[in-house]
>>> print(open('start32.pdb').read())   # PDB, C-alpha atoms
ATOM      1  CA  MET A 126       0.000   0.000   0.000  1.00  0.00           C
ATOM      2  CA  TYR A 127       2.810   2.422   0.911  1.00  0.00           C
ATOM      3  CA  LEU A 128       4.570   2.017  -2.437  1.00  0.00           C
ATOM      4  CA  THR A 129       1.329   2.580  -4.349  1.00  0.00           C
ATOM      5  CA  LEU A 130       0.716   5.783  -2.392  1.00  0.00           C
ATOM      6  CA  LYS A 131       4.315   6.851  -3.005  1.00  0.00           C
ATOM      7  CA  TRP A 132       3.935   6.268  -6.751  1.00  0.00           C
ATOM      8  CA  ILE A 133       0.722   8.344  -6.803  1.00  0.00           C
ATOM      9  CA  HIS A 134       2.422  11.030  -4.705  1.00  0.00           C
ATOM     10  CA  VAL A 135       5.445  11.321  -7.003  1.00  0.00           C
ATOM     11  CA  LEU A 136       3.324  11.202 -10.160  1.00  0.00           C
ATOM     12  CA  ALA A 137       1.030  13.941  -8.815  1.00  0.00           C
ATOM     13  CA  ALA A 138       4.028  16.135  -7.916  1.00  0.00           C
ATOM     14  CA  VAL A 139       5.502  15.680 -11.400  1.00  0.00           C
ATOM     15  CA  VAL A 140       2.201  16.585 -13.072  1.00  0.00           C
ATOM     16  CA  ALA A 141       1.599  19.600 -10.801  1.00  0.00           C
ATOM     17  CA  LEU A 142       5.051  21.164 -11.029  1.00  0.00           C
ATOM     18  CA  GLY A 143       5.541  20.147 -14.653  1.00  0.00           C
ATOM     19  CA  THR A 144       2.304  21.838 -15.657  1.00  0.00           C
ATOM     20  CA  ASN A 145       3.214  24.999 -13.736  1.00  0.00           C
ATOM     21  CA  LEU A 146       6.654  25.156 -15.331  1.00  0.00           C
ATOM     22  CA  THR A 147       5.085  25.431 -18.787  1.00  0.00           C
ATOM     23  CA  TYR A 148       3.243  28.670 -17.964  1.00  0.00           C
ATOM     24  CA  SER A 149       6.192  30.959 -18.704  1.00  0.00           C
ATOM     25  CA  ILE A 150       6.616  29.346 -22.121  1.00  0.00           C
ATOM     26  CA  TRP A 151       2.908  29.746 -22.823  1.00  0.00           C
ATOM     27  CA  LEU A 152       3.014  33.406 -21.786  1.00  0.00           C
ATOM     28  CA  THR A 153       6.101  34.168 -23.864  1.00  0.00           C
ATOM     29  CA  LYS A 154       4.536  32.602 -26.956  1.00  0.00           C
ATOM     30  CA  GLY A 155       1.131  34.172 -26.286  1.00  0.00           C
ATOM     31  CA  SER A 156       2.312  37.726 -25.788  1.00  0.00           C
ATOM     32  CA  LYS A 157       2.547  38.412 -29.523  1.00  0.00           C
ATOM     33  CA  SER A 158      -1.028  39.609 -29.995  1.00  0.00           C
ATOM     34  CA  PRO A 159      -4.175  40.201 -27.908  1.00  0.00           C
ATOM     35  CA  ASP A 160      -5.935  37.173 -29.444  1.00  0.00           C
ATOM     36  CA  GLU A 161      -2.997  34.889 -28.737  1.00  0.00           C
ATOM     37  CA  LEU A 162      -2.662  36.330 -25.241  1.00  0.00           C
ATOM     38  CA  LEU A 163      -6.315  35.696 -24.416  1.00  0.00           C
ATOM     39  CA  PHE A 164      -6.092  32.120 -25.719  1.00  0.00           C
ATOM     40  CA  THR A 165      -2.901  31.610 -23.702  1.00  0.00           C
ATOM     41  CA  LEU A 166      -4.329  32.954 -20.444  1.00  0.00           C
ATOM     42  CA  ARG A 167      -7.493  30.889 -20.824  1.00  0.00           C
ATOM     43  CA  THR A 168      -5.405  27.791 -21.538  1.00  0.00           C
ATOM     44  CA  ILE A 169      -3.248  28.401 -18.465  1.00  0.00           C
ATOM     45  CA  LYS A 170      -6.427  28.778 -16.398  1.00  0.00           C
ATOM     46  CA  ILE A 171      -7.714  25.436 -17.715  1.00  0.00           C
ATOM     47  CA  LEU A 172      -4.361  23.730 -17.047  1.00  0.00           C
ATOM     48  CA  ASP A 173      -4.286  25.188 -13.542  1.00  0.00           C
ATOM     49  CA  ASP A 174      -7.880  24.210 -12.746  1.00  0.00           C
ATOM     50  CA  ARG A 175      -7.905  20.759 -14.348  1.00  0.00           C
ATOM     51  CA  MET A 176      -4.348  19.484 -14.034  1.00  0.00           C
ATOM     52  CA  ALA A 177      -2.025  21.343 -11.677  1.00  0.00           C
ATOM     53  CA  ASN A 178      -4.377  22.095  -8.783  1.00  0.00           C
ATOM     54  CA  PRO A 179      -6.010  18.630  -8.710  1.00  0.00           C
ATOM     55  CA  ALA A 180      -2.520  17.115  -8.815  1.00  0.00           C
ATOM     56  CA  TYR A 181      -1.473  19.243  -5.831  1.00  0.00           C
ATOM     57  CA  VAL A 182      -4.545  18.026  -3.918  1.00  0.00           C
ATOM     58  CA  LEU A 183      -3.812  14.414  -4.868  1.00  0.00           C
ATOM     59  CA  SER A 184      -0.219  14.919  -3.739  1.00  0.00           C
ATOM     60  CA  LEU A 185      -1.417  16.087  -0.324  1.00  0.00           C
ATOM     61  CA  ILE A 186      -3.893  13.219   0.042  1.00  0.00           C
ATOM     62  CA  SER A 187      -1.390  10.562  -1.026  1.00  0.00           C
ATOM     63  CA  GLY A 188       1.315  12.111   1.165  1.00  0.00           C
ATOM     64  CA  LEU A 189      -0.924  12.071   4.210  1.00  0.00           C
ATOM     65  CA  GLY A 190      -1.847   8.486   3.317  1.00  0.00           C
ATOM     66  CA  MET A 191       1.847   7.559   3.357  1.00  0.00           C
ATOM     67  CA  VAL A 192       2.226   9.227   6.754  1.00  0.00           C
ATOM     68  CA  PHE A 193      -0.723   7.233   8.096  1.00  0.00           C
ATOM     69  CA  VAL A 194       0.419   3.913   6.607  1.00  0.00           C
ATOM     70  CA  SER A 195       4.069   4.324   7.634  1.00  0.00           C
ATOM     71  CA  GLY A 196       3.388   5.605  11.141  1.00  0.00           C
ATOM     72  CA  ILE A 197       5.872   8.460  10.761  1.00  0.00           C
ATOM     73  CA  SER A 198       5.135  11.423  13.007  1.00  0.00           C
ATOM     74  CA  ILE A 199       3.644  14.485  11.342  1.00  0.00           C
ATOM     75  CA  MET A 200       6.003  16.429  13.653  1.00  0.00           C
ATOM     76  CA  THR A 201       9.088  15.039  11.892  1.00  0.00           C
ATOM     77  CA  PRO A 202      10.925  18.266  10.999  1.00  0.00           C
ATOM     78  CA  TRP A 203      11.224  17.832   7.212  1.00  0.00           C
ATOM     79  CA  LEU A 204       7.606  16.688   7.007  1.00  0.00           C
ATOM     80  CA  LEU A 205       6.266  19.457   9.236  1.00  0.00           C
ATOM     81  CA  LEU A 206       8.173  22.116   7.278  1.00  0.00           C
ATOM     82  CA  SER A 207       6.896  20.620   4.016  1.00  0.00           C
ATOM     83  CA  LEU A 208       3.306  20.902   5.249  1.00  0.00           C
ATOM     84  CA  ILE A 209       3.892  24.500   6.340  1.00  0.00           C
ATOM     85  CA  LEU A 210       5.315  25.351   2.909  1.00  0.00           C
ATOM     86  CA  TYR A 211       2.412  23.500   1.248  1.00  0.00           C
ATOM     87  CA  THR A 212      -0.006  25.671   3.248  1.00  0.00           C
ATOM     88  CA  ALA A 213       1.857  28.764   2.016  1.00  0.00           C
ATOM     89  CA  VAL A 214       1.548  27.472  -1.577  1.00  0.00           C
ATOM     90  CA  VAL A 215      -2.204  27.060  -1.161  1.00  0.00           C
ATOM     91  CA  ILE A 216      -2.619  30.521   0.365  1.00  0.00           C
ATOM     92  CA  ILE A 217      -0.476  32.265  -2.256  1.00  0.00           C
ATOM     93  CA  GLY A 218      -1.935  30.235  -5.112  1.00  0.00           C
ATOM     94  CA  LEU A 219      -5.601  30.626  -4.219  1.00  0.00           C
ATOM     95  CA  GLY A 220      -5.280  34.072  -2.676  1.00  0.00           C
ATOM     96  CA  GLY A 221      -2.863  35.633  -5.127  1.00  0.00           C
ATOM     97  CA  TYR A 222      -2.047  33.751  -8.312  1.00  0.00           C
ATOM     98  CA  THR A 223      -5.542  32.557  -9.255  1.00  0.00           C
ATOM     99  CA  PRO A 224      -7.243  35.948  -8.761  1.00  0.00           C
ATOM    100  CA  THR A 225      -4.414  37.642 -10.674  1.00  0.00           C
ATOM    101  CA  LEU A 226      -4.824  35.227 -13.578  1.00  0.00           C
ATOM    102  CA  LYS A 227      -8.590  35.778 -13.623  1.00  0.00           C
ATOM    103  CA  HIS A 228      -8.069  39.540 -13.610  1.00  0.00           C
ATOM    104  CA  GLN A 229      -5.545  39.265 -16.450  1.00  0.00           C
ATOM    105  CA  ILE A 230      -8.142  37.404 -18.520  1.00  0.00           C
ATOM    106  CA  THR A 231     -10.769  40.065 -17.777  1.00  0.00           C
ATOM    107  CA  VAL A 232      -8.422  42.918 -18.733  1.00  0.00           C
ATOM    108  CA  VAL A 233      -7.492  41.254 -22.029  1.00  0.00           C
ATOM    109  CA  GLU A 234     -11.152  40.436 -22.792  1.00  0.00           C
ATOM    110  CA  ARG A 235     -11.914  44.160 -22.407  1.00  0.00           C
ATOM    111  CA  GLY A 236      -9.182  45.049 -24.894  1.00  0.00           C
ATOM    112  CA  GLY A 237      -6.448  45.992 -22.445  1.00  0.00           C
ATOM    113  CA  GLY A 238      -3.947  43.272 -23.270  1.00  0.00           C
ATOM    114  CA  PHE A 239      -1.060  45.669 -23.710  1.00  0.00           C
ATOM    115  CA  SER A 240      -2.167  48.286 -21.174  1.00  0.00           C
ATOM    116  CA  ALA A 241      -0.319  49.428 -18.062  1.00  0.00           C
ATOM    117  CA  ASP A 242      -2.986  47.636 -15.987  1.00  0.00           C
ATOM    118  CA  TYR A 243      -2.253  44.366 -17.748  1.00  0.00           C
ATOM    119  CA  ALA A 244       1.518  44.870 -17.461  1.00  0.00           C
ATOM    120  CA  ALA A 245       1.191  45.319 -13.692  1.00  0.00           C
ATOM    121  CA  LEU A 246      -0.933  42.176 -13.432  1.00  0.00           C
ATOM    122  CA  ALA A 247       1.535  40.247 -15.586  1.00  0.00           C
ATOM    123  CA  ARG A 248       4.432  41.308 -13.328  1.00  0.00           C
ATOM    124  CA  ARG A 249       2.446  40.307 -10.255  1.00  0.00           C
ATOM    125  CA  GLY A 250       1.619  36.933 -11.804  1.00  0.00           C
ATOM    126  CA  GLN A 251       5.253  36.395 -12.713  1.00  0.00           C
ATOM    127  CA  VAL A 252       6.486  37.230  -9.203  1.00  0.00           C
ATOM    128  CA  LEU A 253       3.855  35.017  -7.596  1.00  0.00           C
ATOM    129  CA  GLY A 254       4.694  32.218 -10.023  1.00  0.00           C
ATOM    130  CA  ILE A 255       8.387  32.428  -9.130  1.00  0.00           C
ATOM    131  CA  ILE A 256       7.604  32.394  -5.408  1.00  0.00           C
ATOM    132  CA  LEU A 257       5.296  29.407  -5.838  1.00  0.00           C
ATOM    133  CA  GLY A 258       7.905  27.597  -7.910  1.00  0.00           C
ATOM    134  CA  ILE A 259      10.579  28.121  -5.269  1.00  0.00           C
ATOM    135  CA  LEU A 260       8.234  26.889  -2.538  1.00  0.00           C
ATOM    136  CA  VAL A 261       7.241  23.774  -4.483  1.00  0.00           C
ATOM    137  CA  VAL A 262      10.848  22.939  -5.392  1.00  0.00           C
ATOM    138  CA  SER A 263      11.726  23.405  -1.701  1.00  0.00           C
ATOM    139  CA  ILE A 264       8.985  20.970  -0.718  1.00  0.00           C
ATOM    140  CA  ILE A 265      10.264  18.427  -3.224  1.00  0.00           C
ATOM    141  CA  TYR A 266      13.783  18.861  -1.830  1.00  0.00           C
ATOM    142  CA  LEU A 267      12.515  18.226   1.705  1.00  0.00           C
ATOM    143  CA  MET A 268      10.529  15.179   0.574  1.00  0.00           C
ATOM    144  CA  VAL A 269      13.462  13.614  -1.255  1.00  0.00           C
ATOM    145  CA  VAL A 270      16.420  14.533   0.992  1.00  0.00           C
ATOM    146  CA  LYS A 271      14.594  14.441   4.346  1.00  0.00           C
ATOM    147  CA  PRO A 272      17.234  16.604   6.052  1.00  0.00           C
ATOM    148  CA  PRO A 273      17.526  16.562   9.844  1.00  0.00           C
ATOM    149  CA  LEU A 274      16.509  20.190  10.350  1.00  0.00           C
ATOM    150  CA  TRP A 275      16.331  20.372  14.123  1.00  0.00           C
ATOM    151  CA  GLY A 276      16.071  18.227  17.234  1.00  0.00           C
TER     152      GLY A 276
END
>>> encode(input="start32.pdb", output="structure tokens")
Amino acid sequence: MYLTLKWIHVLAAVVALGTNLTYSIWLTKGSKSPDELLFTLRTIKILDDRMANPAYVLSLISGLGMVFVSGISIMTPWLLLSLILYTAVVIIGLGGYTPTLKHQITVVERGGGFSADYAALARRGQVLGIILGILVVSIIYLMVVKPPLWG
């Protein structure tokens, strides 16, 4: 059972982070015209809603399943820190990145794809995306290396 949960956990992490890593490529390619930009933003929203975010949820569920099956303490430092960082990812993603992406779509739909308003939103989305990427890569590091952080 543990190995099945681990396989699901790793697969979900690969799908989630892999999907997110494509967003900058999408945005670079889509920034050539307002029509391409709108298509790109809508596609990123679909990928986020239907692939990345469900994979992050599945990663949490399978990870907690591994904790339950293995009997490891949730207070193990690398695991506890991973869960704290995961909580930060959820807060920043749902509270910052997703609303920014929705607002970007709205601005472009209204014809403001190359406006100062859109540029500010794009910068915010880029910064949030970088922060989220660093947090997720940090979680993966903690999961793989399992460093003895304290105590």
>>> resolve_selection(input="start32.pdb", expression="the PyMOL selection byres ((chain A and resi 147) around 12)", output="PyMOL selection string")
chain A and resi 140-146+148-154+165+168-169+172-173+177+254+258
>>> residues_around(input="start32.pdb", residues="stretch 188-193 of chain A", least_positions_apart="6", cutoff="12 Å", atoms="only C-alpha atoms", output="PyMOL selection string")
chain A and resi 126-138+180-182+199-201+204-205+207-208+211+264-265+268
>>> write_last_selection(input="start32.pdb", atoms="C-alpha atoms", output="PDB file, keeping the file's coordinate frame")
ATOM      1  CA  MET A 126       0.000   0.000   0.000  1.00  0.00           C
ATOM      2  CA  TYR A 127       2.810   2.422   0.911  1.00  0.00           C
ATOM      3  CA  LEU A 128       4.570   2.017  -2.437  1.00  0.00           C
ATOM      4  CA  THR A 129       1.329   2.580  -4.349  1.00  0.00           C
ATOM      5  CA  LEU A 130       0.716   5.783  -2.392  1.00  0.00           C
ATOM      6  CA  LYS A 131       4.315   6.851  -3.005  1.00  0.00           C
ATOM      7  CA  TRP A 132       3.935   6.268  -6.751  1.00  0.00           C
ATOM      8  CA  ILE A 133       0.722   8.344  -6.803  1.00  0.00           C
ATOM      9  CA  HIS A 134       2.422  11.030  -4.705  1.00  0.00           C
ATOM     10  CA  VAL A 135       5.445  11.321  -7.003  1.00  0.00           C
ATOM     11  CA  LEU A 136       3.324  11.202 -10.160  1.00  0.00           C
ATOM     12  CA  ALA A 137       1.030  13.941  -8.815  1.00  0.00           C
ATOM     13  CA  ALA A 138       4.028  16.135  -7.916  1.00  0.00           C
ATOM     14  CA  ALA A 180      -2.520  17.115  -8.815  1.00  0.00           C
ATOM     15  CA  TYR A 181      -1.473  19.243  -5.831  1.00  0.00           C
ATOM     16  CA  VAL A 182      -4.545  18.026  -3.918  1.00  0.00           C
ATOM     17  CA  ILE A 199       3.644  14.485  11.342  1.00  0.00           C
ATOM     18  CA  MET A 200       6.003  16.429  13.653  1.00  0.00           C
ATOM     19  CA  THR A 201       9.088  15.039  11.892  1.00  0.00           C
ATOM     20  CA  LEU A 204       7.606  16.688   7.007  1.00  0.00           C
ATOM     21  CA  LEU A 205       6.266  19.457   9.236  1.00  0.00           C
ATOM     22  CA  SER A 207       6.896  20.620   4.016  1.00  0.00           C
ATOM     23  CA  LEU A 208       3.306  20.902   5.249  1.00  0.00           C
ATOM     24  CA  TYR A 211       2.412  23.500   1.248  1.00  0.00           C
ATOM     25  CA  ILE A 264       8.985  20.970  -0.718  1.00  0.00           C
ATOM     26  CA  ILE A 265      10.264  18.427  -3.224  1.00  0.00           C
ATOM     27  CA  MET A 268      10.529  15.179   0.574  1.00  0.00           C
TER      28      MET A 268
END
>>> closest_residue(input="start32.pdb", among="A:Val233, A:Leu260, A:Phe239, A:Leu183", to="A:Thr212", atoms="all atoms listed in the file")
A:Leu260
>>> atom_distance(input="start32.pdb", atom1="atom CA of A:Gly237", atom2="atom CA of A:Leu162")
10.7 Å
>>> atom_distance(input="start32.pdb", atom1="atom CA of A:Ala241", atom2="atom CA of A:Val215")
28.1 Å
>>> closest_residue(input="start32.pdb", among="A:Leu253, A:Leu226, A:Val139, A:Val261", to="A:Leu206", atoms="only C-alpha atoms")
A:Val261
>>> atom_distance(input="start32.pdb", atom1="atom CA of A:Pro159", atom2="atom CA of A:Pro179")
28.9 Å
>>> decode(input="start32.pdb", residues="stretch 135-225 of chain A", atoms="C-alpha atoms", output="mmCIF file, in the first residue's frame")
data_model
loop_
_atom_site.group_PDB
_atom_site.id
_atom_site.type_symbol
_atom_site.label_atom_id
_atom_site.label_comp_id
_atom_site.auth_asym_id
_atom_site.auth_seq_id
_atom_site.Cartn_x
_atom_site.Cartn_y
_atom_site.Cartn_z
ATOM 1 C CA VAL A 135 5.445 11.321 -7.003
ATOM 2 C CA LEU A 136 3.324 11.202 -10.160
ATOM 3 C CA ALA A 137 1.030 13.941 -8.815
ATOM 4 C CA ALA A 138 4.028 16.135 -7.916
ATOM 5 C CA VAL A 139 5.502 15.680 -11.400
ATOM 6 C CA VAL A 140 2.201 16.585 -13.072
ATOM 7 C CA ALA A 141 1.599 19.600 -10.801
ATOM 8 C CA LEU A 142 5.051 21.164 -11.029
ATOM 9 C CA GLY A 143 5.541 20.147 -14.653
ATOM 10 C CA THR A 144 2.304 21.838 -15.657
ATOM 11 C CA ASN A 145 3.214 24.999 -13.736
ATOM 12 C CA LEU A 146 6.654 25.156 -15.331
ATOM 13 C CA THR A 147 5.085 25.431 -18.787
ATOM 14 C CA TYR A 148 3.243 28.670 -17.964
ATOM 15 C CA SER A 149 6.192 30.959 -18.704
ATOM 16 C CA ILE A 150 6.616 29.346 -22.121
ATOM 17 C CA TRP A 151 2.908 29.746 -22.823
ATOM 18 C CA LEU A 152 3.014 33.406 -21.786
ATOM 19 C CA THR A 153 6.101 34.168 -23.864
ATOM 20 C CA LYS A 154 4.536 32.602 -26.956
ATOM 21 C CA GLY A 155 1.131 34.172 -26.286
ATOM 22 C CA SER A 156 2.312 37.726 -25.788
ATOM 23 C CA LYS A 157 2.547 38.412 -29.523
ATOM 24 C CA SER A 158 -1.028 39.609 -29.995
ATOM 25 C CA PRO A 159 -4.175 40.201 -27.908
ATOM 26 C CA ASP A 160 -5.935 37.173 -29.444
ATOM 27 C CA GLU A 161 -2.997 34.889 -28.737
ATOM 28 C CA LEU A 162 -2.662 36.330 -25.241
ATOM 29 C CA LEU A 163 -6.315 35.696 -24.416
ATOM 30 C CA PHE A 164 -6.092 32.120 -25.719
ATOM 31 C CA THR A 165 -2.901 31.610 -23.702
ATOM 32 C CA LEU A 166 -4.329 32.954 -20.444
ATOM 33 C CA ARG A 167 -7.493 30.889 -20.824
ATOM 34 C CA THR A 168 -5.405 27.791 -21.538
ATOM 35 C CA ILE A 169 -3.248 28.401 -18.465
ATOM 36 C CA LYS A 170 -6.427 28.778 -16.398
ATOM 37 C CA ILE A 171 -7.714 25.436 -17.715
ATOM 38 C CA LEU A 172 -4.361 23.730 -17.047
ATOM 39 C CA ASP A 173 -4.286 25.188 -13.542
ATOM 40 C CA ASP A 174 -7.880 24.210 -12.746
ATOM 41 C CA ARG A 175 -7.905 20.759 -14.348
ATOM 42 C CA MET A 176 -4.348 19.484 -14.034
ATOM 43 C CA ALA A 177 -2.025 21.343 -11.677
ATOM 44 C CA ASN A 178 -4.377 22.095 -8.783
ATOM 45 C CA PRO A 179 -6.010 18.630 -8.710
ATOM 46 C CA ALA A 180 -2.520 17.115 -8.815
ATOM 47 C CA TYR A 181 -1.473 19.243 -5.831
ATOM 48 C CA VAL A 182 -4.545 18.026 -3.918
ATOM 49 C CA LEU A 183 -3.812 14.414 -4.868
ATOM 50 C CA SER A 184 -0.219 14.919 -3.739
ATOM 51 C CA LEU A 185 -1.417 16.087 -0.324
ATOM 52 C CA ILE A 186 -3.893 13.219 0.042
ATOM 53 C CA SER A 187 -1.390 10.562 -1.026
ATOM 54 C CA GLY A 188 1.315 12.111 1.165
ATOM 55 C CA LEU A 189 -0.924 12.071 4.210
ATOM 56 C CA GLY A 190 -1.847 8.486 3.317
ATOM 57 C CA MET A 191 1.847 7.559 3.357
ATOM 58 C CA VAL A 192 2.226 9.227 6.754
ATOM 59 C CA PHE A 193 -0.723 7.233 8.096
ATOM 60 C CA VAL A 194 0.419 3.913 6.607
ATOM 61 C CA SER A 195 4.069 4.324 7.634
ATOM 62 C CA GLY A 196 3.388 5.605 11.141
ATOM 63 C CA ILE A 197 5.872 8.460 10.761
ATOM 64 C CA SER A 198 5.135 11.423 13.007
ATOM 65 C CA ILE A 199 3.644 14.485 11.342
ATOM 66 C CA MET A 200 6.003 16.429 13.653
ATOM 67 C CA THR A 201 9.088 15.039 11.892
ATOM 68 C CA PRO A 202 10.925 18.266 10.999
ATOM 69 C CA TRP A 203 11.224 17.832 7.212
ATOM 70 C CA LEU A 204 7.606 16.688 7.007
ATOM 71 C CA LEU A 205 6.266 19.457 9.236
ATOM 72 C CA LEU A 206 8.173 22.116 7.278
ATOM 73 C CA SER A 207 6.896 20.620 4.016
ATOM 74 C CA LEU A 208 3.306 20.902 5.249
ATOM 75 C CA ILE A 209 3.892 24.500 6.340
ATOM 76 C CA LEU A 210 5.315 25.351 2.909
ATOM 77 C CA TYR A 211 2.412 23.500 1.248
ATOM 78 C CA THR A 212 -0.006 25.671 3.248
ATOM 79 C CA ALA A 213 1.857 28.764 2.016
ATOM 80 C CA VAL A 214 1.548 27.472 -1.577
ATOM 81 C CA VAL A 215 -2.204 27.060 -1.161
ATOM 82 C CA ILE A 216 -2.619 30.521 0.365
ATOM 83 C CA ILE A 217 -0.476 32.265 -2.256
ATOM 84 C CA GLY A 218 -1.935 30.235 -5.112
ATOM 85 C CA LEU A 219 -5.601 30.626 -4.219
ATOM 86 C CA GLY A 220 -5.280 34.072 -2.676
ATOM 87 C CA GLY A 221 -2.863 35.633 -5.127
ATOM 88 C CA TYR A 222 -2.047 33.751 -8.312
ATOM 89 C CA THR A 223 -5.542 32.557 -9.255
ATOM 90 C CA PRO A 224 -7.243 35.948 -8.761
ATOM 91 C CA THR A 225 -4.414 37.642 -10.674
#
